[in-house]
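S.K.: For reference, the file target-v7.txt (compact mmCIF, C-alpha atoms) is included below:
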```txt
# COMPACT_ATOMS: atom_id res chain seq x y z
CA MET A 1 116.34 88.01 106.31
CA SER A 2 117.45 87.65 102.71
CA ALA A 3 121.09 87.02 103.56
CA ARG A 4 120.22 84.29 106.02
CA THR A 5 117.74 82.65 103.65
CA LEU A 6 120.38 82.77 100.97
CA VAL A 7 123.00 81.08 103.12
CA LEU A 8 120.45 78.44 104.05
CA ALA A 9 119.54 77.96 100.42
CA LEU A 10 123.17 77.60 99.41
CA ALA A 11 123.82 75.12 102.19
CA LEU A 12 120.81 73.07 101.11
CA ALA A 13 121.98 73.22 97.53
CA ALA A 14 125.46 72.05 98.36
CA GLY A 15 123.83 69.01 99.93
CA GLY A 16 121.52 68.59 96.96
CA CYS A 17 124.40 68.91 94.55
CA ALA A 18 125.70 65.43 95.01
CA THR A 19 122.34 63.85 94.21
CA THR A 20 121.88 65.57 90.84
CA GLY A 21 122.63 62.85 88.34
CA GLY A 22 122.90 63.01 84.56
CA GLY A 23 123.38 66.75 84.62
CA ASP A 24 123.90 69.17 81.78
CA ALA A 25 127.51 69.91 80.87
CA ARG A 26 126.72 73.62 80.58
CA ASP A 27 125.30 73.66 84.09
CA PRO A 28 127.72 71.94 86.51
CA LEU A 29 126.34 73.91 89.48
CA GLU A 30 122.75 72.88 88.81
CA GLY A 31 122.14 72.02 92.48
CA VAL A 32 123.21 75.45 93.73
CA ASN A 33 121.53 77.17 90.82
CA ARG A 34 118.22 75.45 91.51
CA ALA A 35 118.38 76.56 95.14
CA VAL A 36 119.06 80.17 94.17
CA PHE A 37 116.28 79.87 91.57
CA ALA A 38 113.87 78.75 94.30
CA PHE A 39 115.02 81.62 96.49
CA ASN A 40 114.47 84.11 93.64
CA ASP A 41 111.02 82.64 93.06
CA GLN A 42 110.15 83.24 96.68
CA ALA A 43 111.44 86.80 96.52
CA ASP A 44 109.38 87.30 93.38
CA ASP A 45 106.24 85.87 94.98
CA ILE A 46 106.60 87.97 98.11
CA VAL A 47 108.09 91.23 96.85
CA PHE A 48 108.59 91.83 93.15
CA ARG A 49 105.49 90.41 91.48
CA PRO A 50 103.04 91.98 93.98
CA ALA A 51 104.87 95.31 93.70
CA ALA A 52 104.80 95.10 89.90
CA ARG A 53 101.06 94.29 89.92
CA LEU A 54 100.38 97.21 92.24
CA TYR A 55 102.46 99.49 90.03
CA ARG A 56 100.54 98.37 86.96
CA ASN A 57 97.19 98.78 88.67
CA VAL A 58 97.71 102.27 90.12
CA THR A 59 99.54 103.95 87.24
CA PRO A 60 98.16 104.81 83.79
CA GLN A 61 99.81 103.22 80.77
CA GLY A 62 101.13 106.60 79.60
CA LEU A 63 103.07 107.12 82.82
CA ARG A 64 104.54 103.62 82.68
CA ASP A 65 105.64 104.23 79.08
CA SER A 66 107.31 107.48 80.15
CA VAL A 67 109.14 105.78 83.01
CA ARG A 68 110.30 102.98 80.71
CA ASN A 69 111.47 105.50 78.11
CA PHE A 70 113.32 107.55 80.72
CA PHE A 71 115.47 104.63 81.86
CA SER A 72 115.78 103.26 78.34
CA ASN A 73 117.20 106.62 77.24
CA ILE A 74 119.83 106.61 79.98
CA ASP A 75 120.85 103.09 78.89
CA ASP A 76 121.51 104.26 75.32
CA LEU A 77 124.78 105.93 76.37
CA PHE A 78 126.44 102.71 77.48
CA ILE A 79 124.74 100.70 74.73
CA GLY A 80 126.57 103.01 72.33
CA VAL A 81 129.86 102.39 74.16
CA ASN A 82 129.37 98.64 73.79
CA ASN A 83 128.55 98.95 70.11
CA LEU A 84 131.72 100.98 69.65
CA LEU A 85 133.75 98.36 71.54
CA GLN A 86 132.33 95.77 69.15
CA GLY A 87 133.48 97.85 66.19
CA LYS A 88 129.99 98.93 65.14
CA VAL A 89 130.71 102.62 64.78
CA GLU A 90 127.55 103.54 62.89
CA THR A 91 125.37 101.75 65.39
CA ALA A 92 127.14 103.51 68.26
CA VAL A 93 126.53 106.90 66.61
CA ASN A 94 122.87 105.88 66.16
CA ASP A 95 122.62 105.16 69.91
CA TRP A 96 124.20 108.46 70.91
CA LEU A 97 122.01 110.38 68.47
CA ARG A 98 119.04 108.69 70.09
CA PHE A 99 120.28 109.90 73.47
CA ALA A 100 120.85 113.43 72.16
CA PHE A 101 117.39 113.74 70.56
CA ASN A 102 115.44 112.05 73.30
CA SER A 103 117.18 113.87 76.15
CA THR A 104 116.34 117.25 74.62
CA LEU A 105 113.28 117.08 72.36
CA GLY A 106 112.00 114.10 74.30
CA PHE A 107 112.01 115.86 77.68
CA PHE A 108 114.78 113.93 79.48
CA GLY A 109 113.97 110.84 77.51
CA ILE A 110 110.34 110.34 78.49
CA ILE A 111 109.28 110.55 74.84
CA ASP A 112 111.09 108.31 72.40
CA TRP A 113 111.10 110.56 69.31
CA ALA A 114 114.22 108.89 68.01
CA SER A 115 112.41 105.63 67.26
CA ASP A 116 109.78 107.55 65.28
CA MET A 117 112.62 109.19 63.37
CA GLY A 118 113.93 105.78 62.41
CA LEU A 119 116.80 105.63 64.91
CA GLU A 120 116.27 102.14 66.20
CA LYS A 121 116.73 101.06 69.82
CA HIS A 122 119.43 98.44 70.44
CA ASN A 123 120.20 96.01 73.21
CA GLU A 124 123.82 95.73 74.29
CA ASP A 125 125.77 95.11 77.47
CA PHE A 126 129.35 94.24 78.32
CA GLY A 127 128.57 90.51 78.44
CA GLN A 128 127.53 90.71 74.79
CA THR A 129 130.68 92.67 73.98
CA LEU A 130 132.82 89.94 75.56
CA GLY A 131 130.79 87.39 73.59
CA ARG A 132 131.50 89.28 70.39
CA TRP A 133 135.17 89.25 71.28
CA GLY A 134 135.00 85.48 71.37
CA VAL A 135 134.54 84.79 75.09
CA GLY A 136 132.34 81.72 75.52
CA ASP A 137 129.37 81.49 77.87
CA GLY A 138 131.16 79.62 80.62
CA MET A 139 129.01 77.77 83.11
CA TYR A 140 125.38 78.73 83.61
CA LEU A 141 124.70 80.61 86.84
CA VAL A 142 121.58 81.80 88.61
CA LEU A 143 122.42 84.94 90.56
CA PRO A 144 120.56 85.89 93.73
CA LEU A 145 117.81 88.38 92.81
CA LEU A 146 119.35 89.03 89.38
CA GLY A 147 118.40 85.67 87.90
CA PRO A 148 119.85 83.73 84.94
CA SER A 149 123.42 84.48 83.92
CA THR A 150 126.59 82.81 82.75
CA LEU A 151 130.12 83.03 84.04
CA ARG A 152 130.97 85.47 81.23
CA ASP A 153 127.93 87.65 81.87
CA THR A 154 128.57 87.66 85.63
CA VAL A 155 132.17 88.76 85.15
CA ALA A 156 130.88 91.52 82.87
CA LEU A 157 128.34 92.82 85.40
CA PRO A 158 130.64 95.21 87.30
CA VAL A 159 131.51 96.89 84.00
CA ASP A 160 127.79 97.32 83.24
CA TRP A 161 127.27 98.81 86.67
CA ALA A 162 130.18 101.20 86.15
CA GLY A 163 128.63 102.26 82.84
CA ASP A 164 125.17 102.78 84.33
CA PRO A 165 124.45 106.41 85.29
CA VAL A 166 121.69 105.26 87.66
CA TYR A 167 124.06 103.05 89.69
CA GLU A 168 126.65 105.80 89.76
CA HIS A 169 124.13 108.48 90.73
CA THR A 170 124.49 110.38 94.00
CA PRO A 171 122.91 111.13 96.47
CA VAL A 172 122.31 107.54 97.37
CA ASP A 173 118.64 107.88 98.34
CA GLU A 174 117.82 109.26 94.88
CA ARG A 175 119.74 106.42 93.35
CA ASN A 176 117.78 103.93 95.45
CA ILE A 177 114.43 105.38 94.39
CA MET A 178 115.46 105.26 90.75
CA THR A 179 116.76 101.69 91.04
CA ALA A 180 113.56 100.55 92.73
CA THR A 181 111.35 102.26 90.15
CA ARG A 182 113.33 100.79 87.29
CA THR A 183 113.26 97.30 88.79
CA ILE A 184 109.51 97.33 89.45
CA GLY A 185 108.84 98.81 86.00
CA ARG A 186 110.84 96.06 84.33
CA ARG A 187 109.09 93.39 86.36
CA ALA A 188 105.71 94.88 85.40
CA ASP A 189 106.65 94.61 81.73
CA LEU A 190 107.29 90.90 82.27
CA LEU A 191 104.00 90.05 83.98
CA GLY A 192 102.57 88.66 80.75
CA ALA A 193 105.76 86.75 79.95
CA SER A 194 105.84 85.06 83.35
CA ARG A 195 102.24 83.92 82.83
CA THR A 196 103.26 82.38 79.52
CA LEU A 197 106.26 80.72 81.17
CA GLU A 198 103.96 79.14 83.76
CA ALA A 199 101.85 77.71 80.96
CA ALA A 200 104.66 76.57 78.70
CA ALA A 201 107.27 75.02 80.95
CA LEU A 202 107.34 71.46 82.21
CA ASP A 203 110.36 72.29 84.38
CA ARG A 204 110.58 76.06 84.77
CA TYR A 205 114.22 75.95 85.78
CA VAL A 206 115.25 74.11 82.61
CA PHE A 207 112.92 76.14 80.41
CA LEU A 208 114.32 79.43 81.67
CA ARG A 209 117.91 78.23 81.40
CA GLU A 210 117.47 77.17 77.78
CA ALA A 211 115.64 80.41 76.97
CA TYR A 212 118.38 82.51 78.55
CA LEU A 213 121.21 80.71 76.76
CA GLN A 214 119.40 80.92 73.43
CA GLN A 215 118.55 84.57 73.93
CA ARG A 216 122.11 85.55 74.79
CA ARG A 217 123.42 83.74 71.74
CA SER A 218 120.96 85.63 69.59
CA GLN A 219 121.81 88.97 71.24
CA ILE A 220 125.56 88.49 70.82
CA TYR A 221 125.02 88.05 67.09
CA ASP A 222 122.44 90.89 67.00
CA GLY A 223 119.63 88.50 66.14
CA ARG A 224 121.54 86.75 63.35
CA PRO A 225 123.30 83.81 64.98
CA PRO A 226 124.87 81.24 62.68
CA ARG A 227 122.12 78.77 61.96
CA GLU A 228 122.09 75.47 63.78
CA ARG A 229 120.00 72.97 61.92
CA PRO A 230 118.10 70.53 64.16
CA PRO A 231 118.33 66.93 62.96
CA VAL A 232 115.15 66.33 60.94
CA ASP A 233 113.61 62.90 60.90
CA MET B 1 76.12 71.77 36.01
CA THR B 2 76.93 69.56 38.96
CA ARG B 3 79.95 68.31 37.18
CA ARG B 4 81.07 71.84 36.51
CA LEU B 5 80.59 72.75 40.15
CA ALA B 6 82.51 69.72 41.29
CA GLY B 7 85.22 70.57 38.82
CA ALA B 8 85.43 74.10 40.14
CA ALA B 9 85.56 72.87 43.72
CA LEU B 10 88.29 70.43 42.84
CA ALA B 11 90.29 73.08 41.04
CA LEU B 12 89.87 75.34 44.03
CA ALA B 13 91.01 72.65 46.44
CA ALA B 14 93.97 71.80 44.26
CA GLY B 15 94.84 75.46 44.01
CA PHE B 16 94.79 75.69 47.76
CA ALA B 17 96.90 72.65 48.38
CA LEU B 18 99.35 72.48 45.56
CA ALA B 19 99.63 74.79 42.63
CA ASN B 20 100.07 78.21 44.09
CA PRO B 21 99.71 78.52 47.83
CA LEU B 22 99.82 82.01 49.29
CA ALA B 23 103.42 83.16 49.66
CA PRO B 24 104.64 82.44 53.20
CA ASP B 25 105.16 86.08 54.19
CA ALA B 26 101.72 87.04 52.88
CA LEU B 27 100.20 84.09 54.72
CA VAL B 28 101.78 85.08 58.05
CA LYS B 29 100.65 88.67 57.62
CA ASP B 30 97.09 87.67 56.73
CA VAL B 31 96.75 85.27 59.64
CA MET B 32 98.23 87.65 62.23
CA LEU B 33 96.19 90.65 61.14
CA ASP B 34 93.06 88.53 60.91
CA ILE B 35 93.54 87.27 64.48
CA GLN B 36 94.28 90.79 65.69
CA ARG B 37 91.14 92.14 64.01
CA ILE B 38 89.03 89.47 65.68
CA ILE B 39 90.52 90.15 69.12
CA VAL B 40 90.10 93.92 68.85
CA ALA B 41 86.43 93.47 67.93
CA ASP B 42 85.65 91.02 70.74
CA LYS B 43 85.47 92.10 74.37
CA ASP B 44 85.71 88.54 75.74
CA LEU B 45 88.89 87.86 73.78
CA LYS B 46 90.46 91.13 74.90
CA GLU B 47 89.79 90.14 78.50
CA GLY B 48 91.41 86.79 77.90
CA ASP B 49 88.38 84.43 77.79
CA ARG B 50 90.24 81.13 77.64
CA ALA B 51 87.69 78.95 75.86
CA LYS B 52 87.09 81.53 73.14
CA THR B 53 90.81 82.22 72.75
CA THR B 54 91.53 78.52 72.36
CA ARG B 55 88.86 78.18 69.69
CA LEU B 56 90.25 81.18 67.83
CA ILE B 57 93.74 79.70 67.80
CA GLU B 58 92.50 76.31 66.67
CA ASP B 59 90.44 77.84 63.85
CA LYS B 60 92.82 80.49 62.58
CA ALA B 61 96.40 79.65 63.51
CA LEU B 62 96.67 75.91 63.95
CA PRO B 63 95.96 74.89 60.34
CA HIS B 64 99.19 76.69 59.46
CA PHE B 65 101.34 74.78 61.94
CA ASN B 66 102.90 71.42 61.22
CA HIS B 67 102.45 70.24 64.77
CA VAL B 68 103.61 66.69 64.12
CA GLY B 69 106.81 68.03 62.57
CA MET B 70 107.30 70.37 65.52
CA THR B 71 106.85 67.51 67.95
CA ALA B 72 109.36 65.39 66.05
CA LEU B 73 111.93 68.18 66.17
CA ALA B 74 111.30 68.85 69.87
CA VAL B 75 111.55 65.18 70.83
CA GLY B 76 114.73 64.86 68.79
CA ALA B 77 116.54 61.55 68.38
CA SER B 78 114.03 59.55 70.47
CA TRP B 79 111.25 60.30 67.98
CA ARG B 80 112.60 57.55 65.73
CA LYS B 81 112.26 55.00 68.53
CA ALA B 82 108.63 55.87 69.27
CA THR B 83 105.80 53.64 68.01
CA PRO B 84 103.16 55.22 65.74
CA GLU B 85 100.71 55.32 68.66
CA GLN B 86 103.28 57.02 70.88
CA LYS B 87 104.02 59.53 68.12
CA GLN B 88 100.36 60.32 67.74
CA ARG B 89 99.85 60.82 71.47
CA LEU B 90 103.00 62.94 71.80
CA ALA B 91 101.88 65.17 68.95
CA GLU B 92 98.39 65.53 70.42
CA GLU B 93 99.62 66.45 73.89
CA PHE B 94 102.27 68.83 72.57
CA ARG B 95 99.67 70.48 70.36
CA THR B 96 97.39 71.04 73.36
CA LEU B 97 100.27 72.51 75.36
CA LEU B 98 101.25 74.87 72.55
CA VAL B 99 97.67 76.07 72.08
CA ARG B 100 97.44 76.79 75.82
CA THR B 101 100.78 78.59 75.84
CA TYR B 102 99.75 80.63 72.85
CA ALA B 103 96.39 81.37 74.48
CA SER B 104 98.06 82.71 77.62
CA SER B 105 99.82 85.39 75.61
CA LEU B 106 97.14 86.27 73.09
CA SER B 107 95.17 88.91 75.00
CA ALA B 108 98.18 91.27 74.66
CA PHE B 109 98.04 90.75 70.88
CA GLY B 110 95.25 93.33 70.46
CA ASP B 111 97.40 96.42 71.16
CA GLN B 112 100.56 95.31 69.44
CA LYS B 113 102.00 96.93 66.36
CA PHE B 114 103.58 94.66 63.79
CA GLU B 115 106.11 95.40 61.14
CA PHE B 116 106.10 92.80 58.40
CA ARG B 117 109.31 92.29 56.55
CA PRO B 118 109.03 91.29 52.92
CA LEU B 119 110.61 87.92 52.30
CA ARG B 120 113.22 87.47 49.62
CA MET B 121 112.82 83.95 48.30
CA LYS B 122 113.38 81.99 45.16
CA PRO B 123 110.34 80.31 43.56
CA GLU B 124 111.86 76.87 44.17
CA ASP B 125 112.45 77.47 47.90
CA THR B 126 110.63 75.06 50.21
CA ASP B 127 112.09 76.17 53.54
CA VAL B 128 112.01 79.82 54.53
CA THR B 129 112.01 82.06 57.60
CA VAL B 130 109.39 84.79 57.80
CA GLU B 131 110.24 87.68 60.09
CA VAL B 132 107.75 89.87 61.94
CA ARG B 133 108.82 92.64 64.30
CA VAL B 134 106.64 93.51 67.26
CA LEU B 135 107.10 97.17 68.14
CA GLN B 136 106.85 98.38 71.71
CA PRO B 137 107.65 101.81 73.15
CA GLY B 138 110.99 102.18 74.93
CA SER B 139 112.24 98.73 74.04
CA GLN B 140 114.07 97.11 71.22
CA PRO B 141 111.48 95.59 68.85
CA VAL B 142 110.90 91.89 69.48
CA VAL B 143 111.66 89.83 66.42
CA VAL B 144 109.40 86.85 65.83
CA GLU B 145 110.61 84.41 63.20
CA TYR B 146 108.51 81.66 61.67
CA ASP B 147 110.44 78.78 60.13
CA MET B 148 108.15 77.48 57.40
CA GLU B 149 108.20 74.57 55.02
CA LYS B 150 106.20 73.93 51.89
CA ASN B 151 104.32 70.65 52.07
CA ALA B 152 101.14 69.09 50.73
CA ARG B 153 99.05 71.51 52.79
CA GLY B 154 100.81 74.62 51.56
CA TRP B 155 103.21 76.56 53.76
CA GLN B 156 103.34 75.44 57.37
CA VAL B 157 105.25 76.64 60.41
CA TYR B 158 107.60 74.11 62.01
CA ASP B 159 109.36 76.37 64.53
CA VAL B 160 108.85 79.80 66.04
CA ARG B 161 111.63 81.95 67.44
CA VAL B 162 110.76 84.87 69.71
CA GLY B 163 113.66 87.20 70.43
CA GLY B 164 116.02 84.46 69.26
CA ILE B 165 114.47 81.80 71.51
CA SER B 166 113.38 78.81 69.49
CA LEU B 167 110.36 77.00 70.82
CA VAL B 168 111.56 73.67 69.45
CA VAL B 169 115.10 74.01 70.82
CA ASN B 170 113.79 75.09 74.21
CA TYR B 171 111.60 72.05 74.53
CA ARG B 172 114.25 69.68 73.23
CA THR B 173 116.32 69.80 76.43
CA GLU B 174 113.25 69.47 78.65
CA PHE B 175 111.91 66.55 76.61
CA GLY B 176 115.35 64.95 76.45
CA ASN B 177 115.69 65.01 80.25
CA ILE B 178 112.28 63.41 80.72
CA VAL B 179 112.79 60.73 78.06
CA ARG B 180 116.16 59.85 79.60
CA ASP B 181 114.63 59.46 83.07
CA LYS B 182 111.20 58.04 82.29
CA GLY B 183 111.10 56.98 78.66
CA ILE B 184 108.71 58.09 75.93
CA ASP B 185 105.63 56.98 77.85
CA GLY B 186 106.93 59.04 80.75
CA LEU B 187 107.07 62.10 78.49
CA ILE B 188 103.53 61.45 77.25
CA GLY B 189 102.41 61.16 80.88
CA THR B 190 104.20 64.36 81.94
CA LEU B 191 102.66 66.31 79.06
CA ALA B 192 99.20 64.91 79.79
CA THR B 193 99.50 65.81 83.48
CA LYS B 194 100.67 69.31 82.62
CA ASN B 195 97.75 69.81 80.23
CA LYS B 196 95.27 68.53 82.80
CA SER B 197 96.60 70.87 85.49
CA LEU B 198 96.40 73.81 83.08
CA ALA B 199 92.83 72.87 82.17
CA ALA B 200 91.94 72.62 85.86
CA ALA B 201 93.46 76.05 86.52
CA ASP B 202 91.32 77.45 83.67
CA THR B 203 88.03 76.15 85.01
CA LYS B 204 88.85 77.54 88.45
CA LYS B 205 89.03 81.07 87.04
```
As structure tokens - that is how I would like this structure written.
M.R.:
Amino acid sequence: MSARTLVLALALAAGGCATTGGGDARDPLEGVNRAVFAFNDQADDIVFRPAARLYRNVTPQGLRDSVRNFFSNIDDLFIGVNNLLQGKVETAVNDWLRFAFNSTLGFFGIIDWASDMGLEKHNEDFGQTLGRWGVGDGMYLVLPLLGPSTLRDTVALPVDWAGDPVYEHTPVDERNIMTATRTIGRRADLLGASRTLEAAALDRYVFLREAYLQQRRSQIYDGRPPRERPPVD
Amino acid sequence: MTRRLAGAALALAAGFALANPLAPDALVKDVMLDIQRIIVADKDLKEGDRAKTTRLIEDKALPHFNHVGMTALAVGASWRKATPEQKQRLAEEFRTLLVRTYASSLSAFGDQKFEFRPLRMKPEDTDVTVEVRVLQPGSQPVVVEYDMEKNARGWQVYDVRVGGISLVVNYRTEFGNIVRDKGIDGLIGTLATKNKSLAAADTKK
């Protein structure tokens, strides 16, 4: 069903493309992107948000924290690799120490002792590494089911997958259970944020695009992007 | 006696407004912890009672926001072309929208842990960024930055960045699109419609 809906959505978008006037230079595929965005919204309404609500309602907070920590711990390995690729050796060592402590003392990562010990959690992926290396955003893209991205971040995705022990895990059915749990857990963490988005945005597509582009810029510079001063009147 | 009282009141008011306003980082800390204390102690607020939450924001947070300045920055270049009446209406509608947005996220505020970073500033600084980190298990802390300016009312916030996402910058593109298509009155209308639909959704609950 999803593949057919997607094809239909893309076909509709291609038609809608021509009518989008006065578009944004960073978003030349706005017509297609909006169609995929609508498709993702539908998928979220039907599958992901209800599943995330159910997950939040039937599990205690402590269990959800443990699940989040477990996957977060696995991520630290490749986060360290990315920090190393960006020349941040100390930060990479910090990430791997986190993994070492949390995997052992933290019972396979379900307890995040490392943060209490002052080893801070970081957020890195290969898209950010490319950004650090000077690769620009490229055009804005909305990926089916994965959501906002850019050309650079999309090209980087296969590398992130290769560096993700969950994606590489066999047997496949275990991998699928882990992927599903991680996805629903992440969606559950965003339930509050999506409520705020509903309230804040005049055009959710534009709001989310701007937020994504700003957030990536901030992440690439580890929260210290060169300051852009808005013109004050 | 009366004169002395009046004098004291005046001195107090002047002290508030001009001479030595609370340092911006101390102000942010006071306001956030105060709001958190109130939410923790109030069952309705914890459950997200919208009317009460809105009142809390208007009483405690809003006096520290320069909402006209924020509106001007969000509207961007078109602000200069707006009439005084249009400016006033834009600022009012934007203020309502921001209060509602803030209200939708405030119930989570009760359980959050904050880490306040001391601000290094020179006494003559009039434009600073105060950083607060929101700690959450298993995730990178979320950094909230308040851009603040010193004006006649003390230190006031003119932009907020959450995880690197600036509120003002985010709205600028949205506002720009609407002004280009429908003009400034169109933007006022869109904001008013949005606020009305949010208010209607609240009363339904």
S.K.: Distance CA of Gln86 (chain B)-CA of Ala72 (chain B), one decimal place?
M.R.: 11.4 Å
S.K.: Compile the residues of chain A that lie within 6 Å of chain B, evaluated using all atoms listed in the file, and express the compilation as a ChimeraX atom specification.
M.R.: /A:68-69,72,121-122,196,199-200,210-211,214-215,218
S.K.: What separation in Å, quoted to one decimal, exists between CA of Arg49 (chain A) and CA of His169 (chain A)?
M.R.: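 Separating CA of Arg49 (chain A) from CA of His169 (chain A) is a distance of 26.0 Å.
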S.K.: When you look at Val68 (chain B) with a cut-off of 10 Å (counting all atoms listed in the file), what residues show up, excluding the ones that are within fewer than 5 positions of it in the same chain? I need them as a ChimeraX atom specification.
M.R.: /B:73-74,87-88,90-92,94-95,158
S.K.: Would you mind telling me which residue in A:Gly127, A:Gly118, A:Pro28, A:Pro50 lies nearest to Asn83 (chain A) when using all atoms listed in the file?
M.R.: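 Ranking A:Gly127, A:Gly118, A:Pro28, A:Pro50 by distance to Asn83 (chain A), first place goes to A:Gly127.
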S.K.: Which residues come within 10 Å of Leu119 (chain A), counting all atoms listed in the file, excluding same-chain residues fewer than 3 positions away, as a list in words?
M.R.: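 Once the nearby chain positions are removed, what remains is Thr91, Val93, Asn94, Asp95, Trp96, Leu97, Arg98, Phe101, Asp112, Trp113, Ala114, Ser115, Asp116 and His122 of chain A.
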S.K.: Using all atoms listed in the file, can you list as a PyMOL selection string the residues within 10 Å of (115.8, 111.9, 78.5)?
M.R.: chain A and resi 66+69-74+98-112
S.K.: Please determine, counting all atoms listed in the file, which residue among A:Met117, A:Leu84, A:Ala193, A:Ala188 has the shortest atom-to-atom distance to Arg53 (chain A).
M.R.: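 Nearest candidate to Arg53 (chain A) out of A:Met117, A:Leu84, A:Ala193, A:Ala188: A:Ala188.
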S.K.: Fewer than 2 positions away in the same chain doesn't count, so skip those; otherwise give me all residues within 6 Å of Glu149 (chain B), counting only C-alpha atoms, as an NGL selection string.
M.R.: :B and (126-127 or 155-156)
S.K.: Rounded to one decimal place, report the CA of Leu208 (chain A)-CA of Thr129 (chain B) distance in Å.
M.R.: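 Separating CA of Leu208 (chain A) from CA of Thr129 (chain B) is a distance of 24.3 Å.
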S.K.: Between B:Glu131, B:Met148, B:His64, B:Ile39, which one has atoms that come closest to Lys52 (chain B), using only C-alpha atoms?
M.R.: B:Ile39
S.K.: Within 8 Å of (120.4, 84.1, 95.1) (file coordinates; only C-alpha atoms), which protein or nucleic acid residues are there? I'd like them as a PyMOL selection string.
M.R.: chain A and resi 6+35-37+39-40+142-147
S.K.: Taking all atoms listed in the file into account, which of B:Val128, B:Ile35, B:Val179, B:Ala41 comes nearest Asp159 (chain B)?
M.R.: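 Answer, going by the shortest atom-to-atom distance: B:Val128.
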S.K.: I'd like the neighbourhood of region 112-121 of chain B as an MDAnalysis selection string, where a residue qualifies if any of its atoms comes within 8 Å (using all atoms listed in the file), though same-chain residues fewer than 6 positions away should be ignored.
M.R.: chainID B and resid 25 29 128 130:136
S.K.: Which one is closest to Ile79 (chain A): A:Ser194, A:Thr170, A:Thr179, A:Gln128? Count only C-alpha atoms.
M.R.: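 Smallest separation from Ile79 (chain A) among the options: A:Gln128.
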S.K.: Using only C-alpha atoms, which protein or nucleic acid residues come within 12 Å of Ala180 (chain A)? Drop anything in the same chain fewer than 3 positions from it, and give the result as a PyMOL selection string.
M.R.: chain A and resi 47-48+51-52+55+67+71+166-167+173-177+183-187
S.K.: Find, counting all atoms listed in the file, the residue in B:Pro24, B:Lys122, B:Pro84, B:Gly110 that gets nearest to Ile38 (chain B).
M.R.: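 For Ile38 (chain B), the nearest of the given residues is B:Gly110.
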